[in-house]
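**Q** After the structure tokens below, expect a handful of questions from me.
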Amino acid sequence: MTDNKSIITSLSQVLPDIPVAEIAAKLESPKSSDLGDVAFPTFTLAKLLRQAPQQIASDIVNRIDQSDFEKVVATGPYVNFFLDKKMTSQATLKTILTQGAAFGDNNDGDGANVTIDMSSPNIAKPMSMGHLRSTVIGNALANITAKNGYHPIKINHLGDWGTQFGKLIYAYKTWGTEAEVKADPIATLLRYYVEFHEKAKIDDSLNDAGRAWFKKLEDGDEEAHQLWTWFRAESLKEFTEIYDRLEISFDSFNGEAFYNDKMDKVVDMLAEKSLLVESQGAQIVDLSDINPNLTPAMIKRTDGATLYMTRDLAAAVYRKETYNFAKSLYVVGGEQREHFVQMKAVLSLMGFDWADDVEHIAFGLITFNGKKMSTRKGDVVLLKDVLNDAHDLALKQIQEKNPDLADKATVAEQVGAGAVVFHDLMNDRTNNFDFNLEEVVRFEGDTGPYVQYTNARAKSILRKANTAVSVDELNLDDTATWDIITTLNQFPTIVQRAWQQREASIIAKYALSLSRAFNKYYANSKILLPDDQLNARLALVKAVTIILSESLRLLGVKAPEEM
Ligand code: ARG
């Protein structure tokens, strides 16, 4: 940030013993904007300088070079900087207009790999709202990661292995038909799975039969493998429809089955390190040394079959070996918290110091009009339906607001899908929330369409002006534009904070506040008035569209030109 740089420079001239990075880290926003634009608190210097914070603040103000600022004042233990409006707006707008979408890029990651385990639905089941959350949070984090100079690797750890596929094969072979599955694959497979559970409640021998089929599958039985391959392909086809609609891609679809031949290695390592113990016929790793409240990690069942945990351990090791990640993120619902605590505990018992780089990026539960969903009972809301309904609602509003718009269907898709994605990202990820489509697709209020609409409105002003914007003479100095300038200026810090906290919501909330600031300005000013600040105002509008579009891109939301 151009002006923070001058604040840091002037502060370090008067505080030569404090490292520059430390000064930079201390800068904050004053509690209210009439106190100043940037505040430097002096509390933590009291010990070092053996002076009261108030005294330190007023000394700094007396000695500091004020020429770059409107004024610098001491308010209690704070040094408050009032930026020079003209200089700041000139510098901010010029930087944004020349850098474009690259504004806010940094190289903190220095190209290091970050693996992101995301989406990861279970095959033969419809993708749930939880998987949608994982998909969109993971995708936004990947974009944010890249903007901070890392190299993201998006991995879809498909749930394509486990006893449930033995059960499904049994069900299909016993009461299913090829024609039924072909007609409507996932719905039919889900129905078989639900029926299996109902029948197994009455007759427990079904569970044994299901387990036996999974054992066959693990051992490479041809018939089992063929059915599994077919179920998997059909499922992927349906998942891909959703991914295509959201324009989300993956670098790898290596799911649980991929680790079938990679688990022995991990189990052997555990045995070598004497971490594997037998408990009632099963193989477990005791974790009580790490944390007395942790239940043991189950590595092999009594019948020798592997588990979700076994595959995740193999995957963690494989990812380290393949990608040498700096961070390994798992975007998975909060209900799996214990699983990831156990996984990290096992990895550190195995002596992998990179276990500390493994992070569970947990998120809260979505309820639908107050109701939780369960695939086992078959009461699911299909994502396809959610996206279709969002599309229709968006279209209805576009028809009312802008009946002459060309290609309404495309815009409705961008707005409908964008609304669902934005809503998912705007809450702190660990919050639970209820999903109500009417709320989500509104054009006013804290919604994606509101941000998209603001951006489209700014673009239409530029079209109307129909003139090239020059990057000179950008010195706006009125209070009406100042709020927008300072908000634009925060963007690079927002980008860093979103990554540091692994919170896409920081970007979404920022986009909302920039939109609010711009709409307030738009409502109260004559932007296109042909006076000598016209170019500067158009530059401001252009900078707003650049940053709003870039914020939306980071979130994985489209920015229509018109709507
Ligand atoms: N398939 C799992 C589920 O739907 C999520 C997998 C998450 N990733 C992982 N590496 N465990 O619950």
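We name chains A, B, ... following the order of the structure tokens; residues begin at 1 in each chain, and ligands are numbered from 1 as shown.
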I need the strand (DSSP E) residues of segment 262-432 of chain A per DSSP on the backbone, written as a list in words.

**A**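 Those residues are Leu276, Val277, Glu278, Ser279, Ala282, Gln283, Ile284, Val285, Ala297, Met298, Ile299, Lys300, Lys327, Ser328, Leu329, Tyr330, Val331, Val358, Glu359, His360, Ile361, Ile366, Thr367 and Phe368 of chain A.
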
**Q** Go ahead and save the picked residues with N, CA, C and O atoms, as an mmCIF file, in the first residue's frame.

**A**
```
data_model
loop_
_atom_site.group_PDB
_atom_site.id
_atom_site.type_symbol
_atom_site.label_atom_id
_atom_site.label_comp_id
_atom_site.auth_asym_id
_atom_site.auth_seq_id
_atom_site.Cartn_x
_atom_site.Cartn_y
_atom_site.Cartn_z
ATOM 1 N N LEU A 276 1.459 -49.873 16.136
ATOM 2 C CA LEU A 276 0.235 -50.631 15.891
ATOM 3 C C LEU A 276 -0.023 -51.581 17.054
ATOM 4 O O LEU A 276 0.854 -52.364 17.423
ATOM 5 N N VAL A 277 -1.185 -51.509 17.653
ATOM 6 C CA VAL A 277 -1.517 -52.490 18.694
ATOM 7 C C VAL A 277 -2.823 -53.185 18.343
ATOM 8 O O VAL A 277 -3.665 -52.634 17.635
ATOM 9 N N GLU A 278 -2.962 -54.426 18.864
ATOM 10 C CA GLU A 278 -4.178 -55.156 18.588
ATOM 11 C C GLU A 278 -5.183 -54.874 19.688
ATOM 12 O O GLU A 278 -4.824 -54.800 20.866
ATOM 13 N N SER A 279 -6.418 -54.650 19.288
ATOM 14 C CA SER A 279 -7.456 -54.427 20.274
ATOM 15 C C SER A 279 -8.720 -55.116 19.792
ATOM 16 O O SER A 279 -9.255 -54.752 18.747
ATOM 17 N N ALA A 282 -8.865 -55.974 16.186
ATOM 18 C CA ALA A 282 -8.591 -54.900 15.233
ATOM 19 C C ALA A 282 -7.204 -54.311 15.485
ATOM 20 O O ALA A 282 -6.613 -54.520 16.544
ATOM 21 N N GLN A 283 -6.686 -53.606 14.486
ATOM 22 C CA GLN A 283 -5.380 -52.943 14.628
ATOM 23 C C GLN A 283 -5.616 -51.452 14.854
ATOM 24 O O GLN A 283 -6.279 -50.808 14.042
ATOM 25 N N ILE A 284 -5.061 -50.945 15.942
ATOM 26 C CA ILE A 284 -5.287 -49.538 16.259
ATOM 27 C C ILE A 284 -3.980 -48.822 16.622
ATOM 28 O O ILE A 284 -2.977 -49.475 16.893
ATOM 29 N N VAL A 285 -4.014 -47.494 16.598
ATOM 30 C CA VAL A 285 -2.903 -46.709 17.145
ATOM 31 C C VAL A 285 -3.442 -45.973 18.368
ATOM 32 O O VAL A 285 -4.448 -45.258 18.279
ATOM 33 N N ALA A 297 -6.925 -44.413 16.924
ATOM 34 C CA ALA A 297 -7.201 -44.406 15.484
ATOM 35 C C ALA A 297 -7.280 -45.847 15.021
ATOM 36 O O ALA A 297 -6.374 -46.639 15.258
ATOM 37 N N MET A 298 -8.356 -46.195 14.331
ATOM 38 C CA MET A 298 -8.565 -47.557 13.856
ATOM 39 C C MET A 298 -7.922 -47.695 12.482
ATOM 40 O O MET A 298 -8.222 -46.929 11.564
ATOM 41 N N ILE A 299 -6.993 -48.638 12.351
ATOM 42 C CA ILE A 299 -6.238 -48.789 11.103
ATOM 43 C C ILE A 299 -6.732 -49.980 10.284
ATOM 44 O O ILE A 299 -6.817 -49.914 9.060
ATOM 45 N N LYS A 300 -7.037 -51.086 10.963
ATOM 46 C CA LYS A 300 -7.605 -52.243 10.258
ATOM 47 C C LYS A 300 -8.711 -52.860 11.099
ATOM 48 O O LYS A 300 -8.587 -52.975 12.316
ATOM 49 N N LYS A 327 1.768 -26.357 2.882
ATOM 50 C CA LYS A 327 0.578 -26.546 3.721
ATOM 51 C C LYS A 327 -0.297 -27.576 3.027
ATOM 52 O O LYS A 327 -0.369 -27.612 1.795
ATOM 53 N N SER A 328 -0.970 -28.386 3.829
ATOM 54 C CA SER A 328 -1.907 -29.352 3.276
ATOM 55 C C SER A 328 -3.259 -29.124 3.939
ATOM 56 O O SER A 328 -3.433 -29.384 5.123
ATOM 57 N N LEU A 329 -4.199 -28.568 3.149
ATOM 58 C CA LEU A 329 -5.493 -28.195 3.713
ATOM 59 C C LEU A 329 -6.548 -29.252 3.396
ATOM 60 O O LEU A 329 -6.541 -29.838 2.314
ATOM 61 N N TYR A 330 -7.455 -29.441 4.341
ATOM 62 C CA TYR A 330 -8.588 -30.355 4.161
ATOM 63 C C TYR A 330 -9.861 -29.579 4.435
ATOM 64 O O TYR A 330 -10.140 -29.244 5.584
ATOM 65 N N VAL A 331 -10.588 -29.261 3.374
ATOM 66 C CA VAL A 331 -11.815 -28.485 3.537
ATOM 67 C C VAL A 331 -12.966 -29.474 3.751
ATOM 68 O O VAL A 331 -13.533 -30.012 2.799
ATOM 69 N N VAL A 358 -0.419 -29.775 8.302
ATOM 70 C CA VAL A 358 -1.711 -30.332 7.905
ATOM 71 C C VAL A 358 -2.807 -29.580 8.660
ATOM 72 O O VAL A 358 -2.748 -29.465 9.879
ATOM 73 N N GLU A 359 -3.758 -29.045 7.919
ATOM 74 C CA GLU A 359 -4.800 -28.245 8.575
ATOM 75 C C GLU A 359 -6.193 -28.677 8.150
ATOM 76 O O GLU A 359 -6.467 -28.781 6.957
ATOM 77 N N HIS A 360 -7.021 -28.881 9.133
ATOM 78 C CA HIS A 360 -8.432 -29.142 8.839
ATOM 79 C C HIS A 360 -9.139 -27.797 8.731
ATOM 80 O O HIS A 360 -9.223 -27.058 9.701
ATOM 81 N N ILE A 361 -9.626 -27.478 7.547
ATOM 82 C CA ILE A 361 -10.376 -26.234 7.352
ATOM 83 C C ILE A 361 -11.850 -26.590 7.530
ATOM 84 O O ILE A 361 -12.540 -26.976 6.586
ATOM 85 N N ILE A 366 -25.164 -26.606 6.954
ATOM 86 C CA ILE A 366 -26.268 -25.865 6.336
ATOM 87 C C ILE A 366 -27.552 -26.628 6.604
ATOM 88 O O ILE A 366 -27.622 -27.835 6.366
ATOM 89 N N THR A 367 -28.532 -25.943 7.109
ATOM 90 C CA THR A 367 -29.842 -26.570 7.221
ATOM 91 C C THR A 367 -30.731 -25.957 6.141
ATOM 92 O O THR A 367 -30.476 -24.844 5.667
ATOM 93 N N PHE A 368 -31.759 -26.702 5.751
ATOM 94 C CA PHE A 368 -32.673 -26.248 4.719
ATOM 95 C C PHE A 368 -33.997 -25.938 5.359
ATOM 96 O O PHE A 368 -34.678 -26.822 5.817
#
```

**Q** Hey, which residues sit close to ligand 1? Say within 6 Å, counting only C-alpha atoms and all ligand atoms, and write them as number ranges by chain.

**A** A: 117, 120-122, 157-159, 312, 332

**Q** Taking the DSSP assignment computed from this structure's backbone, write out as a ChimeraX atom specification all residues of segment 273-415 of chain A that belong to helix (DSSP H, G or I).

**A** /A:308-323,334-349,353-357,383-401,408-415

**Q** Separation of atom CA of Gly370 of chain A and atom CA of Asp434 of chain A, in Å?

**A**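 Computed distance, atom CA of Gly370 of chain A to atom CA of Asp434 of chain A, equals 6.2 Å.
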
**Q** Would you mind listing what lies within 8 Å of Trp213 of chain A as a PDB file with N, CA and C atoms, in the first residue's frame, with only C-alpha atoms counted and same-chain residues fewer than 2 positions away left out?

**A**
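Just written: part.pdb:
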```pdb
ATOM      1  N   PHE A 165     -19.561 -49.859  -0.680  1.00  0.00           N
ATOM      2  CA  PHE A 165     -19.612 -50.324  -2.068  1.00  0.00           C
ATOM      3  C   PHE A 165     -19.846 -51.816  -2.144  1.00  0.00           C
ATOM      4  N   GLY A 166     -19.428 -52.542  -1.107  1.00  0.00           N
ATOM      5  CA  GLY A 166     -19.771 -53.961  -1.018  1.00  0.00           C
ATOM      6  C   GLY A 166     -21.275 -54.109  -0.865  1.00  0.00           C
ATOM      7  N   LYS A 167     -21.841 -53.257  -0.019  1.00  0.00           N
ATOM      8  CA  LYS A 167     -23.289 -53.309   0.205  1.00  0.00           C
ATOM      9  C   LYS A 167     -24.047 -52.983  -1.074  1.00  0.00           C
ATOM     10  N   ILE A 169     -22.986 -53.293  -4.172  1.00  0.00           N
ATOM     11  CA  ILE A 169     -22.844 -54.374  -5.153  1.00  0.00           C
ATOM     12  C   ILE A 169     -23.807 -55.516  -4.796  1.00  0.00           C
ATOM     13  N   TYR A 170     -23.865 -55.831  -3.515  1.00  0.00           N
ATOM     14  CA  TYR A 170     -24.793 -56.884  -3.074  1.00  0.00           C
ATOM     15  C   TYR A 170     -26.228 -56.499  -3.444  1.00  0.00           C
ATOM     16  N   ALA A 209     -22.826 -60.119   4.108  1.00  0.00           N
ATOM     17  CA  ALA A 209     -22.736 -60.278   2.661  1.00  0.00           C
ATOM     18  C   ALA A 209     -22.123 -59.036   2.020  1.00  0.00           C
ATOM     19  N   GLY A 210     -22.521 -57.866   2.512  1.00  0.00           N
ATOM     20  CA  GLY A 210     -21.974 -56.611   1.991  1.00  0.00           C
ATOM     21  C   GLY A 210     -20.474 -56.530   2.248  1.00  0.00           C
ATOM     22  N   ARG A 211     -20.080 -56.885   3.468  1.00  0.00           N
ATOM     23  CA  ARG A 211     -18.649 -56.849   3.804  1.00  0.00           C
ATOM     24  C   ARG A 211     -17.858 -57.814   2.933  1.00  0.00           C
ATOM     25  N   LYS A 215     -14.688 -57.049   0.499  1.00  0.00           N
ATOM     26  CA  LYS A 215     -13.414 -57.779   0.569  1.00  0.00           C
ATOM     27  C   LYS A 215     -13.021 -58.240  -0.840  1.00  0.00           C
ATOM     28  N   LYS A 216     -14.028 -58.759  -1.584  1.00  0.00           N
ATOM     29  CA  LYS A 216     -13.752 -59.183  -2.965  1.00  0.00           C
ATOM     30  C   LYS A 216     -13.222 -58.010  -3.795  1.00  0.00           C
ATOM     31  N   LEU A 217     -13.868 -56.864  -3.615  1.00  0.00           N
ATOM     32  CA  LEU A 217     -13.464 -55.676  -4.367  1.00  0.00           C
ATOM     33  C   LEU A 217     -12.017 -55.308  -4.016  1.00  0.00           C
ATOM     34  N   ALA A 224     -16.738 -57.622  -9.232  1.00  0.00           N
ATOM     35  CA  ALA A 224     -16.897 -56.519  -8.270  1.00  0.00           C
ATOM     36  C   ALA A 224     -16.268 -55.254  -8.830  1.00  0.00           C
TER      37      ALA A 224
END
```
